[in-house]
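Asks: Got a file for you: query25.cif, mmCIF, C-alpha atoms.
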data_structure
#
loop_
_atom_site.label_atom_id
_atom_site.label_comp_id
_atom_site.auth_asym_id
_atom_site.auth_seq_id
_atom_site.Cartn_x
_atom_site.Cartn_y
_atom_site.Cartn_z
CA MET G 1 52.73 66.72 106.06
CA ASP G 2 51.58 63.08 106.18
CA VAL G 3 54.09 60.73 107.80
CA ALA G 4 53.88 56.94 107.79
CA ASN G 5 56.28 54.36 109.22
CA TYR G 6 56.89 50.95 107.67
CA THR G 7 59.11 47.95 108.20
CA LEU G 8 60.18 45.68 105.33
CA THR G 9 61.70 42.28 105.97
CA SER G 10 64.49 41.32 103.61
CA LYS G 11 65.09 37.62 103.00
CA ALA G 12 68.40 38.38 101.30
CA ALA G 13 69.68 40.44 104.22
CA GLN G 14 67.84 38.36 106.82
CA LYS G 15 66.91 41.52 108.66
CA ASP G 16 64.26 44.23 108.83
CA PHE G 17 64.62 47.66 107.25
CA ASP G 18 62.61 50.57 108.60
CA LEU G 19 61.13 53.16 106.28
CA VAL G 20 59.49 56.56 106.80
CA VAL G 21 57.24 57.88 104.05
CA TYR G 22 56.60 61.62 103.98
CA GLY G 23 53.64 62.75 101.89
CA SER G 24 50.70 60.94 100.40
CA LYS G 25 51.15 61.53 96.68
CA GLY G 26 53.50 62.82 94.05
CA GLN G 27 56.69 61.62 92.44
CA PRO G 28 58.23 58.92 94.65
CA VAL G 29 61.72 59.81 95.83
CA ILE G 30 63.85 57.17 97.52
CA VAL G 31 66.27 58.72 100.01
CA PHE G 32 69.36 56.78 101.06
CA PRO G 33 70.73 57.93 104.43
CA GLU G 34 74.10 59.40 105.33
CA GLY G 35 76.20 58.74 108.38
CA ASP G 36 74.00 56.84 110.83
CA SER G 37 72.44 54.48 108.21
CA SER G 38 69.01 55.44 109.60
CA CYS G 39 65.79 56.21 107.78
CA VAL G 40 65.31 59.25 110.04
CA SER G 41 68.67 60.89 109.23
CA TRP G 42 66.99 63.40 106.90
CA GLU G 43 64.39 64.27 109.50
CA ASN G 44 67.03 64.57 112.22
CA HIS G 45 69.09 66.99 110.13
CA ASP G 46 66.17 69.15 108.88
CA MET G 47 66.45 68.06 105.26
CA LEU G 48 62.66 67.78 105.30
CA GLY G 49 62.42 71.53 105.73
CA ALA G 50 64.24 71.98 102.42
CA VAL G 51 61.62 69.96 100.52
CA ALA G 52 58.55 70.54 102.70
CA ASP G 53 56.83 72.67 100.05
CA LEU G 54 57.21 69.95 97.44
CA VAL G 55 55.78 67.35 99.84
CA ASP G 56 52.92 69.58 101.01
CA GLU G 57 52.03 70.47 97.42
CA GLY G 58 51.86 66.78 96.53
CA ARG G 59 54.70 67.01 94.05
CA ILE G 60 56.89 64.42 95.77
CA ARG G 61 56.56 61.58 98.25
CA LEU G 62 59.77 60.88 100.18
CA VAL G 63 60.62 57.29 101.01
CA CYS G 64 63.47 57.40 103.53
CA VAL G 65 64.97 53.99 104.19
CA ASP G 66 67.57 52.35 106.42
CA SER G 67 70.85 51.21 104.88
CA SER G 68 73.50 48.60 105.64
CA ASP G 69 76.35 51.10 105.51
CA ASP G 70 77.41 50.39 109.09
CA GLU G 71 77.80 46.70 108.11
CA SER G 72 79.47 47.31 104.74
CA TRP G 73 81.10 50.65 103.83
CA TYR G 74 81.77 51.69 107.43
CA ALA G 75 82.78 48.25 108.71
CA ARG G 76 86.49 48.72 108.00
CA GLY G 77 87.53 46.31 110.76
CA ALA G 78 85.48 43.43 109.35
CA LEU G 79 86.45 40.92 106.68
CA ASP G 80 85.92 42.15 103.15
CA ALA G 81 83.73 39.12 102.41
CA TYR G 82 81.43 40.06 105.30
CA ARG G 83 81.21 43.63 104.09
CA LEU G 84 80.51 42.56 100.51
CA ASP G 85 77.81 40.10 101.59
CA ASN G 86 75.99 42.85 103.48
CA LEU G 87 76.26 45.25 100.55
CA GLN G 88 74.94 42.64 98.12
CA ALA G 89 72.11 41.91 100.51
CA PHE G 90 71.21 45.58 100.76
CA PHE G 91 70.91 46.05 97.01
CA ALA G 92 68.97 42.79 96.80
CA PHE G 93 66.62 44.36 99.35
CA VAL G 94 66.36 47.47 97.15
CA ASP G 95 65.54 45.39 94.07
CA LYS G 96 63.24 42.80 95.59
CA ASP G 97 61.57 44.61 98.47
CA LEU G 98 61.97 48.39 98.35
CA LEU G 99 61.11 48.96 94.67
CA PRO G 100 57.98 46.79 94.79
CA PHE G 101 56.88 48.65 97.91
CA VAL G 102 57.33 52.01 96.18
CA ARG G 103 55.41 50.78 93.14
CA THR G 104 52.61 49.64 95.42
CA ILE G 105 52.16 52.95 97.24
CA SER G 106 52.37 54.84 93.93
CA ALA G 107 50.14 52.51 91.90
CA LYS G 108 47.17 54.87 91.86
CA GLU G 109 49.28 57.61 90.29
CA ARG G 110 50.93 55.28 87.80
CA ARG G 111 54.30 56.48 88.92
CA LYS G 112 56.31 53.30 89.14
CA ARG G 113 59.82 54.62 88.77
CA PRO G 114 61.16 56.60 91.71
CA LEU G 115 63.88 59.23 91.79
CA LEU G 116 67.00 58.46 93.83
CA VAL G 117 68.45 61.03 96.23
CA GLY G 118 71.34 60.78 98.67
CA ALA G 119 74.02 62.84 100.37
CA GLY G 120 77.47 61.57 101.31
CA MET G 121 77.28 57.76 101.55
CA GLY G 122 73.69 57.98 100.36
CA ALA G 123 74.96 59.60 97.14
CA LEU G 124 77.26 56.63 96.51
CA ASN G 125 74.49 54.09 97.12
CA ALA G 126 72.05 55.98 94.92
CA THR G 127 74.63 56.20 92.12
CA ILE G 128 75.38 52.48 92.34
CA ALA G 129 71.67 51.67 92.26
CA ILE G 130 70.96 53.63 89.09
CA LEU G 131 74.13 52.47 87.31
CA ARG G 132 73.26 48.83 88.06
CA LYS G 133 69.60 49.08 86.98
CA PRO G 134 68.85 52.42 85.29
CA SER G 135 65.50 51.14 83.97
CA SER G 136 64.21 50.93 87.57
CA PHE G 137 64.60 54.63 88.34
CA ALA G 138 63.45 58.01 87.05
CA GLY G 139 66.59 59.97 87.86
CA LEU G 140 69.31 60.75 90.40
CA LEU G 141 70.40 63.57 92.69
CA ALA G 142 73.76 62.78 94.34
CA LEU G 143 75.17 65.28 96.85
CA SER G 144 78.84 65.21 97.94
CA GLY G 145 79.43 61.59 97.04
CA THR G 146 82.72 59.68 96.94
CA TYR G 147 82.71 57.35 93.94
CA ASP G 148 86.07 55.61 94.13
CA LEU G 149 85.78 52.46 96.26
CA GLN G 150 89.47 52.62 97.16
CA TYR G 151 88.54 55.37 99.63
CA PHE G 152 86.84 52.72 101.78
CA PHE G 153 89.60 50.11 101.79
CA ASP G 154 93.12 50.05 103.16
CA ASP G 155 94.30 47.54 100.55
CA ALA G 156 93.49 46.77 96.94
CA VAL G 157 89.80 46.17 96.21
CA ASP G 158 88.84 42.64 95.24
CA SER G 159 87.31 42.27 91.78
CA ALA G 160 84.12 40.95 93.38
CA TRP G 161 83.41 44.54 94.44
CA GLU G 162 83.31 45.76 90.83
CA ALA G 163 79.58 45.06 90.74
CA PHE G 164 79.23 47.97 93.21
CA ALA G 165 82.03 50.24 91.91
CA PRO G 166 80.77 53.24 89.87
CA TYR G 167 83.93 53.40 87.75
CA ALA G 168 83.83 49.68 86.97
CA LEU G 169 80.08 49.81 86.23
CA LEU G 170 80.72 52.57 83.70
CA ASP G 171 83.75 50.81 82.21
CA GLY G 172 81.62 47.74 81.59
CA LEU G 173 78.78 49.75 80.07
CA ASP G 174 78.07 49.25 76.37
CA PRO G 175 77.67 52.78 74.90
CA GLU G 176 75.15 51.40 72.43
CA GLY G 177 73.31 49.21 74.93
CA SER G 178 69.97 49.72 76.64
CA LYS G 179 71.53 50.73 79.98
CA ALA G 180 73.51 53.56 78.41
CA LYS G 181 70.45 54.67 76.47
CA ARG G 182 68.30 54.68 79.62
CA LEU G 183 70.94 56.61 81.57
CA GLY G 184 70.94 59.20 78.80
CA GLU G 185 67.18 59.59 79.08
CA VAL G 186 66.86 60.26 82.82
CA PRO G 187 68.09 63.34 84.69
CA LEU G 188 71.37 62.75 86.51
CA ALA G 189 72.60 65.49 88.82
CA PHE G 190 75.85 65.42 90.81
CA VAL G 191 76.68 68.26 93.18
CA CYS G 192 79.73 68.94 95.34
CA GLY G 193 81.21 71.88 97.20
CA GLN G 194 84.85 72.94 96.92
CA GLU G 195 85.74 73.44 100.58
CA GLY G 196 88.48 71.18 101.99
CA SER G 197 86.07 68.79 103.72
CA GLU G 198 84.69 67.76 100.31
CA THR G 199 87.28 65.00 99.89
CA GLY G 200 85.27 63.22 97.18
CA ILE G 201 85.35 66.13 94.72
CA GLY G 202 88.11 64.48 92.68
CA THR G 203 86.08 61.30 92.30
CA GLN G 204 83.14 63.33 91.05
CA ARG G 205 85.35 64.89 88.38
CA VAL G 206 86.48 61.42 87.29
CA LEU G 207 82.86 60.28 87.14
CA GLU G 208 82.02 63.32 85.01
CA GLN G 209 84.76 62.42 82.53
CA ARG G 210 83.71 58.77 82.29
CA LEU G 211 80.05 59.59 81.71
CA ALA G 212 81.01 62.12 79.04
CA GLN G 213 83.27 59.56 77.32
CA ARG G 214 80.23 57.28 76.95
CA GLY G 215 78.03 60.08 75.66
CA ILE G 216 75.79 60.09 78.72
CA LEU G 217 74.49 63.57 79.49
CA ALA G 218 74.59 64.43 83.19
CA SER G 219 74.64 67.62 85.24
CA PHE G 220 77.72 68.28 87.38
CA GLU G 221 77.85 71.27 89.68
CA TYR G 222 80.79 72.43 91.79
CA TRP G 223 79.63 74.96 94.32
CA GLY G 224 81.79 77.61 95.97
CA LEU G 225 85.04 77.34 97.85
CA ASP G 226 83.13 77.86 101.11
CA VAL G 227 80.64 75.05 100.44
CA SER G 228 81.52 72.17 102.78
CA HIS G 229 80.50 68.55 103.38
CA ASP G 230 77.62 69.53 105.61
CA TRP G 231 73.86 69.21 106.03
CA TYR G 232 73.45 72.96 105.82
CA TRP G 233 74.68 72.98 102.22
CA TRP G 234 72.84 69.77 101.29
CA GLN G 235 69.59 71.45 102.38
CA GLU G 236 70.24 74.30 99.98
CA GLU G 237 71.38 72.01 97.17
CA VAL G 238 68.32 69.75 97.39
CA ARG G 239 66.05 72.81 97.69
CA GLN G 240 67.39 74.19 94.42
CA ILE G 241 67.97 71.07 92.35
CA LEU G 242 65.32 68.48 93.27
CA PRO G 243 62.51 70.56 91.66
CA CYS G 244 64.50 70.51 88.41
CA LEU G 245 64.37 66.71 88.35
CA LEU G 246 60.56 66.86 88.53
CA GLU G 247 60.29 68.94 85.34
CA LYS G 248 60.98 67.84 81.80
CA ASP G 249 64.41 69.11 80.87
CA GLY G 250 64.57 70.83 84.25
CA LEU G 251 68.31 70.25 84.59
CA VAL G 252 68.84 71.57 81.07
CA ARG G 253 66.85 74.66 81.95
CA ARG G 254 68.84 75.08 85.18
CA ALA G 255 72.09 74.76 83.24
CA GLN G 256 70.85 77.30 80.71
CA GLU G 257 69.75 79.64 83.48
CA ALA G 258 73.12 79.15 85.15
CA ARG G 259 74.86 79.98 81.87
CA ILE G 260 72.60 82.97 81.38
CA SER G 261 73.16 84.08 84.97
CA LEU G 262 76.88 83.58 84.52
CA ALA G 263 76.78 85.45 81.21
CA GLN G 264 74.78 88.25 82.84
CA ALA G 265 77.22 88.37 85.71
CA GLU G 266 80.09 88.37 83.24
CA ALA G 267 78.34 91.04 81.20
CA ALA G 268 77.78 93.12 84.32
CA ARG G 269 81.38 92.57 85.34
CA ALA G 270 82.49 93.40 81.80
CA GLY G 271 80.34 96.55 81.97
CA ARG G 272 81.97 97.53 85.25
CA VAL G 273 85.35 96.76 83.79
CA MET G 274 84.49 98.77 80.67
CA ASP G 275 83.37 101.72 82.81
CA GLN G 276 86.54 101.41 84.80
CA ARG G 277 88.60 101.18 81.63
CA GLN G 278 86.71 104.18 80.20
CA ALA G 279 87.53 106.17 83.31
CA GLU G 280 91.09 104.94 83.09
CA LEU G 281 91.15 105.91 79.38
CA GLU G 282 89.90 109.39 80.22
CA ASP G 283 92.47 109.66 82.97
CA ALA G 284 95.11 108.37 80.59
CA THR G 285 94.01 110.89 77.92
CA SER G 286 94.25 113.71 80.44
CA ALA G 287 97.55 112.35 81.61
CA LEU G 288 98.70 112.17 77.98
CA GLU G 289 97.78 115.79 77.38
CA ALA G 290 99.51 116.79 80.57
CA ALA G 291 102.49 114.67 79.51
CA LYS G 292 102.53 116.40 76.12
CA GLN G 293 102.63 119.75 77.86
CA VAL G 294 105.38 118.49 80.11
CA VAL G 295 107.26 117.16 77.07
CA LYS G 296 106.83 120.47 75.27
CA ALA G 297 107.99 122.41 78.29
CA SER G 298 110.78 119.94 78.77
CA ALA G 299 111.81 120.29 75.12
CA GLU G 300 111.83 124.06 75.38
CA ARG G 301 113.77 123.84 78.59
CA TYR G 302 116.10 121.31 76.97
CA HIS G 303 116.83 123.63 74.04
CA HIS G 304 117.35 126.49 76.44
CA GLU G 305 119.58 124.45 78.64
CA GLU G 306 121.36 123.11 75.54
CA GLU G 307 122.17 126.67 74.50
CA GLN G 308 123.31 127.38 78.02
CA VAL G 309 125.48 124.30 77.88
CA LYS G 310 126.98 125.36 74.58
CA ALA G 311 127.67 128.84 75.95
CA LYS G 312 129.14 127.39 79.08
CA GLN G 313 131.16 124.91 77.03
CA ALA G 314 132.60 127.84 75.05
CA LYS G 315 133.21 129.75 78.25
CA ALA G 316 134.73 126.68 79.80
CA ALA G 317 136.99 126.21 76.76
CA GLU G 318 138.03 129.85 76.99
CA LEU G 319 138.68 129.56 80.69
CA ALA G 320 140.50 126.29 80.11
CA GLN G 321 142.81 128.08 77.63
CA LYS G 322 143.33 130.88 80.08
CA ALA G 323 143.94 128.36 82.79
CA THR G 324 146.53 126.67 80.58
CA GLU G 325 148.18 130.01 79.94
CA ALA G 326 147.97 130.81 83.64
CA TRP G 327 149.60 127.50 84.49
CA VAL G 328 152.38 128.26 82.01
CA GLU G 329 152.78 131.70 83.56
CA ARG G 330 152.63 130.13 86.97
CA ASP G 331 155.40 127.75 86.00
CA ARG G 332 157.46 130.70 84.71
CA ILE G 333 156.82 132.67 87.85
CA ALA G 334 157.53 129.60 89.91
CA ALA G 335 160.92 129.32 88.24
CA LEU G 336 161.59 133.00 88.91
CA LEU G 337 160.33 132.51 92.43
CA ASN G 338 162.68 129.62 92.94
CA GLU G 339 165.58 131.77 91.67
CA ALA G 340 164.43 134.64 93.88
CA ILE G 341 164.22 132.25 96.80
CA ARG G 342 167.77 131.06 96.07
CA LYS G 343 169.01 134.64 95.87
CA GLY G 344 166.92 135.54 98.90
CA ASP G 345 168.45 132.65 100.82
CA ALA G 346 171.94 133.89 99.84
CA ALA G 347 171.05 137.48 100.72
CA GLN G 348 169.55 136.24 103.98
CA ALA G 349 172.81 134.46 104.74
CA GLN G 350 174.72 137.67 104.02
CA ALA G 351 172.20 139.65 106.06
CA ASP G 352 172.56 137.17 108.90
CA ALA G 353 176.36 137.58 108.72
CA ALA G 354 176.02 141.38 108.56
CA ALA G 355 173.62 141.27 111.47
CA LYS G 356 176.19 139.32 113.44
CA GLU G 357 178.89 141.76 112.49
CA LEU G 358 176.51 144.60 113.40
CA SER G 359 175.84 142.95 116.71
CA ASP G 360 179.56 142.58 117.31
CA ALA G 361 180.19 146.15 116.21
CA GLU G 362 177.38 147.37 118.42
CA TRP G 363 178.91 145.50 121.32
CA ILE G 364 182.33 147.01 120.62
CA CYS G 365 180.71 150.36 120.07
CA GLY G 366 179.07 149.97 123.42
CA GLU G 367 182.40 149.31 125.01
CA ALA G 368 183.88 152.30 123.18
CA ARG G 369 180.93 154.42 124.27
CA ALA G 370 181.53 153.35 127.84
CA ASP G 371 185.23 154.11 127.49
CA GLY G 372 184.40 157.47 125.91
CA GLN G 373 181.97 158.23 128.69
CA ASN G 374 184.68 157.33 131.18
CA ALA G 375 187.15 159.46 129.28
CA VAL G 376 184.73 162.36 129.27
CA SER G 377 184.25 161.95 132.99
CA GLY G 378 188.05 161.88 133.45
CA LEU G 379 188.41 164.90 131.24
CA LYS G 380 185.85 166.78 133.26
CA GLY G 381 187.72 165.83 136.43
CA ALA G 382 191.02 166.85 134.89
CA VAL G 383 189.55 170.17 133.79
CA GLN G 384 188.14 170.75 137.24
CA ARG G 385 191.42 169.79 138.71
CA LEU G 386 193.22 172.15 136.36
CA VAL G 387 190.81 174.89 137.35
CA ASP G 388 191.39 174.06 140.95
CA CYS G 389 195.12 173.96 140.39
CA GLU G 390 195.03 177.24 138.53
CA ARG G 391 193.01 178.73 141.35
CA ALA G 392 195.44 177.29 143.87
CA HIS G 393 198.36 178.56 141.76
CA ASP G 394 196.79 181.97 141.64
CA ALA G 395 196.17 181.88 145.38
CA ALA G 396 199.73 180.70 145.97
CA LYS G 397 201.03 183.36 143.66
CA GLU G 398 199.07 185.96 145.51
CA ALA G 399 200.31 184.54 148.80
CA LYS G 400 203.93 184.58 147.52
CA GLU G 401 203.55 188.06 146.33
CA ALA G 402 202.01 189.03 149.68
CA ALA G 403 204.81 187.23 151.50
CA GLU G 404 207.44 188.78 149.35
CA LYS G 405 205.85 192.13 150.00
CA ALA G 406 205.70 191.47 153.61
CA LEU G 407 209.24 190.28 153.44
CA ARG G 408 210.26 193.39 151.73
CA GLU G 409 208.42 195.43 154.10
CA VAL G 410 210.06 193.62 156.85
CA ALA G 411 213.36 193.96 155.22
CA GLU G 412 212.87 197.53 154.65
CA GLY G 413 211.35 198.11 157.87
#
Will you turn the file into structure tokens for me?

Replies:
Amino acid sequence: MDVANYTLTSKAAQKDFDLVVYGSKGQPVIVFPEGDSSCVSWENHDMLGAVADLVDEGRIRLVCVDSSDDESWYARGALDAYRLDNLQAFFAFVDKDLLPFVRTISAKERRKRPLLVGAGMGALNATIAILRKPSSFAGLLALSGTYDLQYFFDDAVDSAWEAFAPYALLDGLDPEGSKAKRLGEVPLAFVCGQEGSETGIGTQRVLEQRLAQRGILASFEYWGLDVSHDWYWWQEEVRQILPCLLEKDGLVRRAQEARISLAQAEAARAGRVMDQRQAELEDATSALEAAKQVVKASAERYHHEEEQVKAKQAKAAELAQKATEAWVERDRIAALLNEAIRKGDAAQAQADAAAKELSDAEWICGEARADGQNAVSGLKGAVQRLVDCERAHDAAKEAKEAAEKALREVAEG
């Protein structure tokens, strides 16, 4: 890759601007820097690797240039007048020094109008440049730009800045004028990711609306939710999109391919969804058949159980009647039982009284038995005594008779 270094002196800015030109032929592409305002910012962040094939093949010649961003957009602590003067001087340098230089190095190829490319702050500067003088450029690729000037000021923006405000430049654009016509003829591509660091995404959407309202066709891409404000993604974006700006209707073709790719992806997704739905339908059909069988079995069981219920209802009614009759009988028996209890209580009272009388009688009987036993014992003693007395009487009688005999004998003797 051919590399050449240049320095251009700007009378308007009263300073020198360094340039690095990569390549020796091809479509000139002016690159405005991001961040450090340096012409080597693309080289330092490997953006050259993303477009090396285009440079080596002679399809493009990159013209990377210094900017005055550090003295204008980034100089928040300076007076607004100072910042504006430096910004005006920078675009005067672009018009009076940079564009003539690009025309000079491209004169042999009769390519006088360069493309504009920039990322971040470079995207804003490139957009301002082409909106101010669209006839000077062949197209635009703006990556992750912020297009509302209020983002760079703490207070309201002075009207003098409207000459460098994309919204104001579009508001002042005559839809039927030559600028609007030229903008509609050149490829305009705006790209932004959707990750949180892409704080300018809302301003890109506003820019899209305002261009559309003026009938100016431009390409707006919003990459994925993981695509951040970073050189890595800008490398991929420029690799994909810059070649489209080199071809006639390249952005249109890219949009068509994107729509086709999206349609194919949607068709593939729809096919997968259809297959899934078909499988679900088959499952649902099987489930329906199974459900029908369950319903049939349930209906048969219901009828069976209904008959059982009816039979049990009849049985329950019969038992309820019997229960009613039983309760009536119970009440009758309860009444009889109460009467029997009353009579039983009375009989118990009489029995208790009789028991007491029996107990008393038994006690008296016991006394009588004891007296009888004593009487019997006395009788036995009396009988024994009588026997003894009778025996003694008999013995005495015998003794008397013996004495009387002896007496007689004595008397006789």

Asks: Go ahead and compute the interatomic distance for CA of Lys96 in chain G and CA of Ala129 in chain G, in Å to one decimal.

Replies: 12.7 Å

Asks: Return as a list in words the set of residues that the PyMOL selection byres ((chain G and resi 190-201) around 7) yields on the displayed structure.

Replies: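 In the shown coordinates, the PyMOL selection byres ((chain G and resi 190-201) around 7) covers Leu141, Ala142, Leu143, Ser144, Gly145, Thr146, Leu188, Ala189, Gly202, Thr203, Gln204, Arg205, Ser219, Phe220, Glu221, Tyr222, Trp223, Gly224, Leu225, Asp226, Val227, Ser228 and His229 of chain G.
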
Asks: Work out how far CA of Pro243 in chain G is from CA of Gly49 in chain G, in Å to one decimal.

Replies: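 Here the two named atoms are 14.1 Å from each other.
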
Asks: With distances taken over only C-alpha atoms, which residue among G:Cys64, G:Ala12, G:Met121, G:Leu170 lies nearest Ala92 in chain G?

Replies: G:Ala12

Asks: Take CA of Arg254 in chain G and CA of Leu217 in chain G and report the distance between them in Å, one decimal.

Replies: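 CA of Arg254 in chain G sits 14.0 Å away from CA of Leu217 in chain G.
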
Asks: Selection in question (the file shown): the PyMOL selection byres ((chain G and resi 164) around 12). Which residues does it include, as a PDB file with C-alpha atoms, keeping the file's coordinate frame?

Replies:
ATOM      1  CA  SER G  72      79.470  47.310 104.740  1.00  0.00           C
ATOM      2  CA  TRP G  73      81.100  50.650 103.830  1.00  0.00           C
ATOM      3  CA  ARG G  83      81.210  43.630 104.090  1.00  0.00           C
ATOM      4  CA  LEU G  84      80.510  42.560 100.510  1.00  0.00           C
ATOM      5  CA  ASP G  85      77.810  40.100 101.590  1.00  0.00           C
ATOM      6  CA  ASN G  86      75.990  42.850 103.480  1.00  0.00           C
ATOM      7  CA  LEU G  87      76.260  45.250 100.550  1.00  0.00           C
ATOM      8  CA  GLN G  88      74.940  42.640  98.120  1.00  0.00           C
ATOM      9  CA  ALA G  89      72.110  41.910 100.510  1.00  0.00           C
ATOM     10  CA  PHE G  90      71.210  45.580 100.760  1.00  0.00           C
ATOM     11  CA  PHE G  91      70.910  46.050  97.010  1.00  0.00           C
ATOM     12  CA  LEU G 124      77.260  56.630  96.510  1.00  0.00           C
ATOM     13  CA  ASN G 125      74.490  54.090  97.120  1.00  0.00           C
ATOM     14  CA  ALA G 126      72.050  55.980  94.920  1.00  0.00           C
ATOM     15  CA  THR G 127      74.630  56.200  92.120  1.00  0.00           C
ATOM     16  CA  ILE G 128      75.380  52.480  92.340  1.00  0.00           C
ATOM     17  CA  ALA G 129      71.670  51.670  92.260  1.00  0.00           C
ATOM     18  CA  ILE G 130      70.960  53.630  89.090  1.00  0.00           C
ATOM     19  CA  LEU G 131      74.130  52.470  87.310  1.00  0.00           C
ATOM     20  CA  ARG G 132      73.260  48.830  88.060  1.00  0.00           C
ATOM     21  CA  LYS G 133      69.600  49.080  86.980  1.00  0.00           C
ATOM     22  CA  TYR G 147      82.710  57.350  93.940  1.00  0.00           C
ATOM     23  CA  ASP G 148      86.070  55.610  94.130  1.00  0.00           C
ATOM     24  CA  LEU G 149      85.780  52.460  96.260  1.00  0.00           C
ATOM     25  CA  GLN G 150      89.470  52.620  97.160  1.00  0.00           C
ATOM     26  CA  VAL G 157      89.800  46.170  96.210  1.00  0.00           C
ATOM     27  CA  ASP G 158      88.840  42.640  95.240  1.00  0.00           C
ATOM     28  CA  SER G 159      87.310  42.270  91.780  1.00  0.00           C
ATOM     29  CA  ALA G 160      84.120  40.950  93.380  1.00  0.00           C
ATOM     30  CA  TRP G 161      83.410  44.540  94.440  1.00  0.00           C
ATOM     31  CA  GLU G 162      83.310  45.760  90.830  1.00  0.00           C
ATOM     32  CA  ALA G 163      79.580  45.060  90.740  1.00  0.00           C
ATOM     33  CA  ALA G 165      82.030  50.240  91.910  1.00  0.00           C
ATOM     34  CA  PRO G 166      80.770  53.240  89.870  1.00  0.00           C
ATOM     35  CA  TYR G 167      83.930  53.400  87.750  1.00  0.00           C
ATOM     36  CA  ALA G 168      83.830  49.680  86.970  1.00  0.00           C
ATOM     37  CA  LEU G 169      80.080  49.810  86.230  1.00  0.00           C
ATOM     38  CA  LEU G 170      80.720  52.570  83.700  1.00  0.00           C
ATOM     39  CA  GLY G 172      81.620  47.740  81.590  1.00  0.00           C
TER      40      GLY G 172
END
